[in-house]
Amino acid sequence: MILIFLNQKLLISITKKILASNQQCKKLLNLTVPNQTKTNNPKVKLTDEQVIDKSAKWVVSFFIASAGLWLLAAALLAYIAAAKLTDPFFLSSFEYFTYGKVKIAQANAFVYGWGGNSIFAISIWIIARLSQAEVRGRVLLITSGVLWNLGITFGLLGILDGHMNSHEMLEMPNEVWPLLFISYAIITCLIIVVHRSRKYPDTIAPQWFILAAILWFPALFLIAWNGLEINPSPGTVQSVLSMWFGQNLIWLWLTPFALGVAYYIIPSIIGKPIDKYYLAIFGFWCIATLAPWSVVHHLEGGPVPMWIPAIGTVMSIAMIFPIAVASTNFHATAFKDIDKVWSSLPLRFVIFGTLSYTISSYIGVIFSLPSVAKLTQFSIINEFHFNQRVYGFFSMIVFGAVYHMLPKITGKEITKSAKSFHFWTSALGVMMLLLAYLIGGLTHGVLAQQPALDWTNSVIASIQPYFLITEISFIILGFSQLVFVINIWKVLVPNPFENTGRSKKFVSKASTV
Amino acid sequence: MNNIFKFSFGIFTTLAVAWLAFVVGARKQFGDLSPTSSVLNEDGNIPEDSDLYPVAFSGVAQQGAVEYLSLGCATCHTQQVRLVEAGFDVERGWGKRPSVARDYILQNEVNIGNTRVGPDLANLGMREYSDEWLHQHLFEPQSLNEKSICPPSPFLYDIKDSNVSGSIQIISEDNRTRLVKPRIKANRIVAYLQELRQDYELPEMSFVEEEESDASELVVVPTTSTQLPTWLADQISSGKEIYTKVGPGGGGCVSCHQPTGLGLPGAFPPLADSDWVLGDKERIIKISMHGLMGEIEVNGDKYNGVMIAPGVPPGSLTDQQIADVLTYIRNDWGNSASAVSPEEVANVRDFVKDRGQMQMWTAAELNSDK
C-alpha cells in the first residue's frame with residue numbers, strides 16, 4: 001500500500017511535467033497520419049512525411065525483405081524440430097539436423113534474423129518519422145544490414161555444423177559475433193544520429209522504448225561476452241550469466257521495442273492520444289529497473305547461490321506494475337474506438353499482440369511463484385514463455401507495424417483479404433501453439449513431480465499428444481508466414497512481368513483507400 | 001529523458017546494477033570455491049591425505065563434453081539435481097544429493113540446461129549402465145525402449161557386416177539385427193556420460209537420507225508368473241498397461257494409486273491387500289464405470305476424496321479393459337483373487353444402464369446395494 005501511495009505521489013509530480021509533453025505527443029502523432037487530400041494530387045509538393053518516407057524507402061525495404069526471408073527459414077526449422085519430437089526417426093540420419101541443433105538454430109534465426117532485421121526496419125522508420133528528419137547514411141545502413149545477415153547466415157551454418165556455444169542465445173560460433181556487433185553498432189549510431197537531429201526536443205514514449213531497446217542489446221552483449229568468453233566466469237556463474245543474457249534479450253530487446261511500436265501505432269491509427277499517458281514513464285522505468293533482476297528466477301533450486309533465484313522471484317512479481325501500465329495505456333486507448341480496431345488490420349495485429357502480452361505476462365508472474373515454479377520449472381512451459389513472447393507478442397506487433405508502414409513508404413496497398421487471411425491463420429496458429437505448450441507444460445510438470453512414474457513411458461508419453469498439436473500449429477504458422485512474406489515481397493519487389501495496366505490499378509486503389 | 005546521453009546513462013545504470021549483483025557479486029562469492037574433501041577438520045581445513053572433490057574430467061571426457069554440446073543434447077537434458085524443497089529429483093533417483101555450485105567448478109562448458117524432455121543426466125555415471133548400453137541408446141534409443149522420443153544418432157556409428165572387435169549388436173524394434181562400430185565421437189560421448197557423477201559428499205551438501213524404501217522393494221514383485229494360464233496372464237499384462245498408461249487409451253490409475261498399489265496415505269487408498277479390491281467384484285466394477293466420491297473406509301482407514309472414472313475421457317474404458325485392469329489389480333502386489341470377465345462387467349453395465357455417466361457412486365450406496 002505504502003508503495004502504491006508513494007508511487008502516486010511521485011506520479012503526480014511527474015504528471016505535471018509530462019502534461020506538456022502529452023500535448024506534444026498528440027501533435028507529433030497527429031502529424032504522422034497521412035494527409036489524404038494531398039496524396040491524391042501528385043502535382044502538390046511532397047509533404048514532410050513523404051520526404052521522410054522516401055528517404056527511408058530503400059533501407060526499410062531491404063530490412064523488411066530480409067526479415068521476411070529469415071521468418072520463413074525459422075518457420076522451416078521450427079517445423080523440423082517439432083516433427084522430430086513426434087517422430088524421432090525424422091531426418092535422424094543427418095548429423096546436421098539433430099533436434100538440439102535445429103531447435104537452437106530456429107531460436108537464433110527467429111530472434112536475430114527476423115527480430116533483428118524487423119527491429120532495424122521499423123525503428124529506422126519510426127524514429128525518422130518522430131524526429132521529422134530524413135534517414136541518413138543509407139548506403140552504410142544497407143551495407144551493415146548485409147553484414148548482419150551474412151553474420152547470422154554463417155552463425156546458423158556453424159550451429160548446424162557442430163560449432164555451437166553453450167550460452168543461451170549466444171549459441172552462434174564466436175567468430176561471427178564481432179561482425180554482428182560492428183554492423184549492429186553502425187546501424188544503432190545512424191538511428192541515433194537521426195534522433196539527435198529531431199525537430200522537437202521533447203521525446204515521447206515510443207522514442208524511449210525503441211531507443212532503450214536498441215541501446216540495451218549491445219550493452220547486454222558486451223557484458224555477457226566479457227563474462228563468458230574474454231574473461232570466463234567459473235562454474236555455474238556461466239549459467240547465471242548466460243540465462244541472464246538469454247532472458248534479457250527478450251525482456252530488454254524484443255519487449256521494449258514491441259511496446260514502443262505499440263505506443264506509436266495505436267494512437268496514430270486511432271487518432272487519439274494515449275490514455276493515461278503520464279503512466280508510461282513509470283512503466284518504462286519499471287521495466288528498466290526490474291526486468292534485469294527478474295529474469296533469473298528460472299534457476300530456482302539449482303546449483304547457484306540461493307539468493308539469485310530468490311531475488312529473481314521477488315522482482316518477477318513486481319513486474320505486474322509495468323505490465324499493468326502498458327496494458328492500461330494500450331487498451332484504454334484502443335477501446336475508445338473499438339470499430340477501428342476491428343476494421344484496421346495493422347491495429348488488429350497490434351492489439352492482438354498487446355493483449356497477448358498482458359495475459360501471458362500475468363501468467364508468467366504466476367509461474368514465477370516458488371510453489372508453481374517448482375512444478376513447471378523444467379517442463380515445456382519454457383517453450384510457452386519463449387513462443388508467447390516472440391510469436392504472440394513481438395511478431396504480431398511487427399506484422400501490424402509492417403502493414404502500417406509499407407503502404408506509406410512504397411505507395412502501394414496490400415490487399416485486405418490477404419492481410420486478413422494472414423491475421424486469422426496467425427491468430428489460430430499462435431493460440432493453438434501456446435495452449436498446447438501451456439497445458440502440455442502443466443501436465444509435464446505435474447507428472448514429473450511424481451517420482452514413482454516412469455519417465456519415458458508415463459511422463460513423456462502423456463505429453464506426446466501436445467507435441468503433435470505443436471507440430472500442426474507450426475505448419476499453420478509456417479503457411480501464414482509464407483502468406484505474409486508473399487504479401488510484403490509483392491509490394492517491395494514489383495513483378496517485372498506484370499503489365500502496366502494492372503500496376504496502375506494498384507496505384508489508384510492505394511490512393512482511394 | 002530528452003537528452004540521449006542522460007537517457008543512455010539512466011538505462012545503462014539500471015542494467016549495471018543488476019550486472020554488479022549477479023555477475024560481479026556471484027563471481028566474488030565463487031572466488032574461493034575449489035575442490036575440497038568430503039569432511040573438513042574441526043578448524044575448517046582439509047584433512048591431510050584425503051581425496052578432493054569434485055574430480056576433473058579425464059581428457060576423453062572433456063572432448064566428449066564438447067561433442068555433447070555440439071550435438072545439442074543439452075536442449076532436452078538437464079544436469080542438475082534440484083534442492084529437496086524445490087522438486088523430487090532425489091526421490092526420482094536422479095542423484096544421491098542436490099547439486100551445488102562446487103560440483104561444476106572444474107568444468108569448462110557447464111551444461112546445466114533448463115528443460116527436461118529427457119531425464120536428468122547429472123549422475124548418469126552412477127546408474128551403472130554399461131558402455132554397450134549407452135552406445136545402443138545413442139545409436140537407436142528405440143531399440144531399448146520403443147516409446148523413447150530421443151532421436152537416434154546413427155551418424156556416430158559405422159554399420160558392419162561381420163563381427164569386428166568393438167562392434168555392438170543392436171536389435172531394432174522390428175527385430176532387425178545390426179552390428180555397429182562406434183566412431184571416435186561416440187566413444188568420447190560415452191566416456192563423458194560415464195564420468196557424470198556427483199557420488200561424493202561435500203561439506204556444504206551431504207547425501208539425502210533415504211527413507212524406508214519399502215515402496216521400491218515391492219515394485220520388484222513379479223507381475224506375471226509362468227504357472228498362470230495364458231488367458232489370465234494376457235488379461236493381467238493388458239491390465240497392467242491400462243493401469244500405468246496416463247493419457248488416451250489408458251486408465252491413468254497409476255497417478256493416484258501409484259505403481260506400488262499402495263496409494264498415498266491419507267489421500268489415495270491402497271489397492272494392495274485392500275478389502276475393497278479383493279472383495280465383492282460388483283462394487284469395483286461400478287467404481288470403474290462411474291467413479292467414486294465421498295468418504296470410504298479401506299482396511300479400517302478413512303479416505304475422503306473424489307475418484308473420477310478411469311480412462312480418457314473419464315468412463316471411456318470398454319468392458320474388456322475394465323475386466324483387464326480389475327483382474328490386474330486383483331493379482332499384483334501380492335494380491336491373489338479371481339479374475340473379472342468382460343461378461344461380468346457387461347452384466348453390471350446393463351444393470352446400471354439408467355445411471356448418468358457422470359453420476360459418481362458413494363461408498364454407502366455401493367454397500368447398501370449389496
# chains A, B, ... in the order shown; residues from 1 in each chain; ligands from 1
>>> interface_residues(of="chain B", to="chain A", cutoff="6 Å", atoms="only C-alpha atoms", output="CSV table (one decimal) with C-alpha atoms, in the first residue's frame")
chain,number,residue,atom,x,y,z
B,2,ASN,CA,15.2,14.3,-23.7
B,14,THR,CA,19.7,0.2,-14.2
B,18,ALA,CA,21.8,-5.9,-11.9
B,70,SER,CA,27.8,-29.5,-30.3
B,72,GLY,CA,22.7,-30.1,-28.8
B,73,CYS,CA,21.9,-32.8,-26.2
B,75,THR,CA,18.4,-28.8,-25.2
B,82,ARG,CA,17.4,-29.6,-7.5
B,83,LEU,CA,17.2,-28.9,-3.8
B,86,ALA,CA,12.4,-27.4,-5.0
B,87,GLY,CA,11.5,-30.8,-6.5
B,88,PHE,CA,11.5,-34.5,-6.3
B,91,GLU,CA,13.3,-39.3,-4.9
B,92,ARG,CA,13.2,-40.0,-8.6
B,99,SER,CA,23.8,-30.5,-6.9
B,100,VAL,CA,25.8,-27.5,-5.6
B,101,ALA,CA,27.9,-24.8,-7.3
B,104,TYR,CA,30.7,-27.6,-11.7
B,105,ILE,CA,33.7,-25.6,-10.7
B,114,ASN,CA,16.8,-25.7,-18.4
B,115,THR,CA,14.3,-28.2,-20.0
B,116,ARG,CA,13.8,-31.8,-19.2
B,148,SER,CA,11.5,-43.2,-26.3
B,149,ILE,CA,11.3,-39.9,-28.3
B,151,PRO,CA,16.2,-39.1,-31.8
B,152,PRO,CA,18.7,-41.8,-32.9
B,154,PRO,CA,23.3,-43.4,-36.4
B,155,PHE,CA,25.8,-40.9,-37.9
B,246,VAL,CA,-1.7,-41.9,-18.4
B,247,GLY,CA,-3.5,-40.4,-21.5
>>> residues_around(residues="region 167-181 of chain B", least_positions_apart="6", cutoff="7 Å", atoms="only C-alpha atoms", output="short mmCIF file (atom, residue, chain, number, x, y, z; two decimals) with N, CA and C atoms, in the first residue's frame")
data_model
loop_
_atom_site.label_atom_id
_atom_site.label_comp_id
_atom_site.auth_asym_id
_atom_site.auth_seq_id
_atom_site.Cartn_x
_atom_site.Cartn_y
_atom_site.Cartn_z
N GLU B 132 28.17 -50.45 -23.49
CA GLU B 132 27.42 -51.00 -24.61
C GLU B 132 25.98 -50.50 -24.62
N GLN B 136 24.16 -48.43 -27.49
CA GLN B 136 22.87 -48.82 -28.08
C GLN B 136 21.89 -47.66 -28.02
N GLN B 142 15.24 -46.31 -29.49
CA GLN B 142 14.02 -47.10 -29.57
C GLN B 142 14.31 -48.60 -29.49
N SER B 143 15.58 -49.02 -29.69
CA SER B 143 15.88 -50.44 -29.56
C SER B 143 15.87 -50.85 -28.08
N GLU B 146 10.88 -48.72 -26.79
CA GLU B 146 10.27 -48.31 -28.05
C GLU B 146 9.48 -47.02 -27.93
N TYR B 157 28.07 -43.87 -35.86
CA TYR B 157 28.46 -45.28 -35.90
C TYR B 157 28.68 -45.73 -37.33
N ASP B 158 29.56 -46.76 -37.48
CA ASP B 158 29.72 -47.41 -38.77
C ASP B 158 28.98 -48.73 -38.69
N ILE B 159 28.19 -49.01 -39.72
CA ILE B 159 27.48 -50.29 -39.72
C ILE B 159 28.39 -51.35 -40.33
N LYS B 160 28.57 -52.45 -39.62
CA LYS B 160 29.50 -53.51 -40.05
C LYS B 160 28.69 -54.73 -40.48
N ASP B 161 29.32 -55.51 -41.40
CA ASP B 161 28.65 -56.74 -41.83
C ASP B 161 29.00 -57.90 -40.92
#
>>> residues_around(residues="Gly260 (chain A)", least_positions_apart="6", cutoff="12 Å", atoms="only C-alpha atoms", output="ChimeraX atom specification")
/A:119,122-123,126-127,130,204-214,252-254,266-267,280-281,283-284,326,329-330,350,354,394,397-398,401
>>> write_last_selection(atoms="C-alpha atoms", output="PDB file, in the first residue's frame")
ATOM      1  CA  ILE A 119      13.751  -4.026 -35.365  1.00  0.00           C
ATOM      2  CA  ILE A 122      10.748  -0.338 -38.023  1.00  0.00           C
ATOM      3  CA  SER A 123      12.917   1.675 -35.659  1.00  0.00           C
ATOM      4  CA  ILE A 126       9.512   5.352 -36.606  1.00  0.00           C
ATOM      5  CA  ILE A 127      12.480   7.312 -35.266  1.00  0.00           C
ATOM      6  CA  LEU A 130       9.005  11.083 -34.888  1.00  0.00           C
ATOM      7  CA  ILE A 204       7.673  10.690 -26.173  1.00  0.00           C
ATOM      8  CA  ALA A 205       7.065   7.077 -25.109  1.00  0.00           C
ATOM      9  CA  PRO A 206       7.724   5.305 -28.437  1.00  0.00           C
ATOM     10  CA  GLN A 207      11.099   7.013 -28.628  1.00  0.00           C
ATOM     11  CA  TRP A 208      12.130   5.963 -25.107  1.00  0.00           C
ATOM     12  CA  PHE A 209      11.163   2.369 -25.594  1.00  0.00           C
ATOM     13  CA  ILE A 210      12.651   1.950 -29.053  1.00  0.00           C
ATOM     14  CA  LEU A 211      15.899   3.764 -28.260  1.00  0.00           C
ATOM     15  CA  ALA A 212      16.306   1.922 -24.981  1.00  0.00           C
ATOM     16  CA  ALA A 213      15.770  -1.398 -26.755  1.00  0.00           C
ATOM     17  CA  ILE A 214      18.334  -0.756 -29.435  1.00  0.00           C
ATOM     18  CA  LEU A 252      15.111  -5.754 -22.756  1.00  0.00           C
ATOM     19  CA  TRP A 253      15.376  -6.007 -26.522  1.00  0.00           C
ATOM     20  CA  LEU A 254      12.290  -7.535 -28.127  1.00  0.00           C
ATOM     21  CA  ILE A 266      -2.141   2.654 -31.594  1.00  0.00           C
ATOM     22  CA  PRO A 267      -2.569   6.456 -31.256  1.00  0.00           C
ATOM     23  CA  ALA A 280       4.053   5.489 -19.478  1.00  0.00           C
ATOM     24  CA  ILE A 281       7.204   6.911 -17.956  1.00  0.00           C
ATOM     25  CA  GLY A 283       6.102   1.783 -16.821  1.00  0.00           C
ATOM     26  CA  PHE A 284       9.271   2.445 -18.727  1.00  0.00           C
ATOM     27  CA  ALA A 326       1.333  -0.844 -20.621  1.00  0.00           C
ATOM     28  CA  ASN A 329      -2.259   2.644 -21.828  1.00  0.00           C
ATOM     29  CA  PHE A 330      -2.872   0.465 -24.852  1.00  0.00           C
ATOM     30  CA  VAL A 350      -1.029  -4.753 -32.660  1.00  0.00           C
ATOM     31  CA  THR A 354      -0.659  -6.244 -26.605  1.00  0.00           C
ATOM     32  CA  PHE A 394       6.641  -9.408 -30.713  1.00  0.00           C
ATOM     33  CA  ILE A 397       3.114  -6.244 -33.337  1.00  0.00           C
ATOM     34  CA  VAL A 398       5.789  -6.298 -36.027  1.00  0.00           C
ATOM     35  CA  ALA A 401       3.710  -2.245 -37.926  1.00  0.00           C
TER      36      ALA A 401
END
>>> residues_around(residues="Lys276 (chain A)", least_positions_apart="2", cutoff="10 Å", atoms="only C-alpha atoms", output="PyMOL selection string")
chain A and resi 15+22+273-274+278-280+325+328-330+332-333
>>> atom_distance(atom1="CA of Gly93 (chain B)", atom2="CA of Gln198 (chain B)")
12.5 Å
>>> closest_residue(among="B:Thr327, B:Ser162, B:Thr362, B:Asn111", to="Asn304 (chain B)", atoms="only C-alpha atoms")
B:Thr362
>>> atom_distance(atom1="CA of Ala133 (chain A)", atom2="CA of Thr47 (chain A)")
12.4 Å
>>> residues_around(residues="Ser316 (chain A)", least_positions_apart="3", cutoff="7 Å", atoms="only C-alpha atoms", output="ChimeraX atom specification")
/A:294,312-313,319,365,368
>>> write_last_selection(atoms="N, CA and C atoms", output="tab-separated table (two decimals), in the first residue's frame")
chain	number	residue	atom	x	y	z
A	294	SER	N	14.62	-9.66	-12.76
A	294	SER	CA	13.57	-10.69	-12.64
A	294	SER	C	13.89	-11.93	-13.44
A	312	GLY	N	15.23	-12.95	-8.08
A	312	GLY	CA	14.51	-13.05	-9.35
A	312	GLY	C	13.02	-13.20	-9.14
A	313	THR	N	12.64	-14.04	-8.18
A	313	THR	CA	11.22	-14.28	-7.94
A	313	THR	C	10.54	-13.00	-7.46
A	319	MET	N	6.99	-7.17	-11.42
A	319	MET	CA	6.76	-6.83	-12.83
A	319	MET	C	5.30	-6.58	-13.15
A	365	VAL	N	3.98	-14.19	-14.36
A	365	VAL	CA	4.16	-13.83	-12.95
A	365	VAL	C	3.71	-14.97	-12.06
A	368	SER	N	6.18	-17.66	-11.78
A	368	SER	CA	7.43	-17.42	-11.08
A	368	SER	C	7.28	-17.59	-9.58
>>> closest_residue(among="B:Leu271, B:Val23, B:Val117, B:Ile284", to="Phe467 (chain A)", atoms="only C-alpha atoms")
B:Val117
>>> residues_around(residues="Arg283 (chain B)", least_positions_apart="4", cutoff="8 Å", atoms="only C-alpha atoms", output="list in words")
Trp276, Ile287, Leu366 and Asn367 of chain B
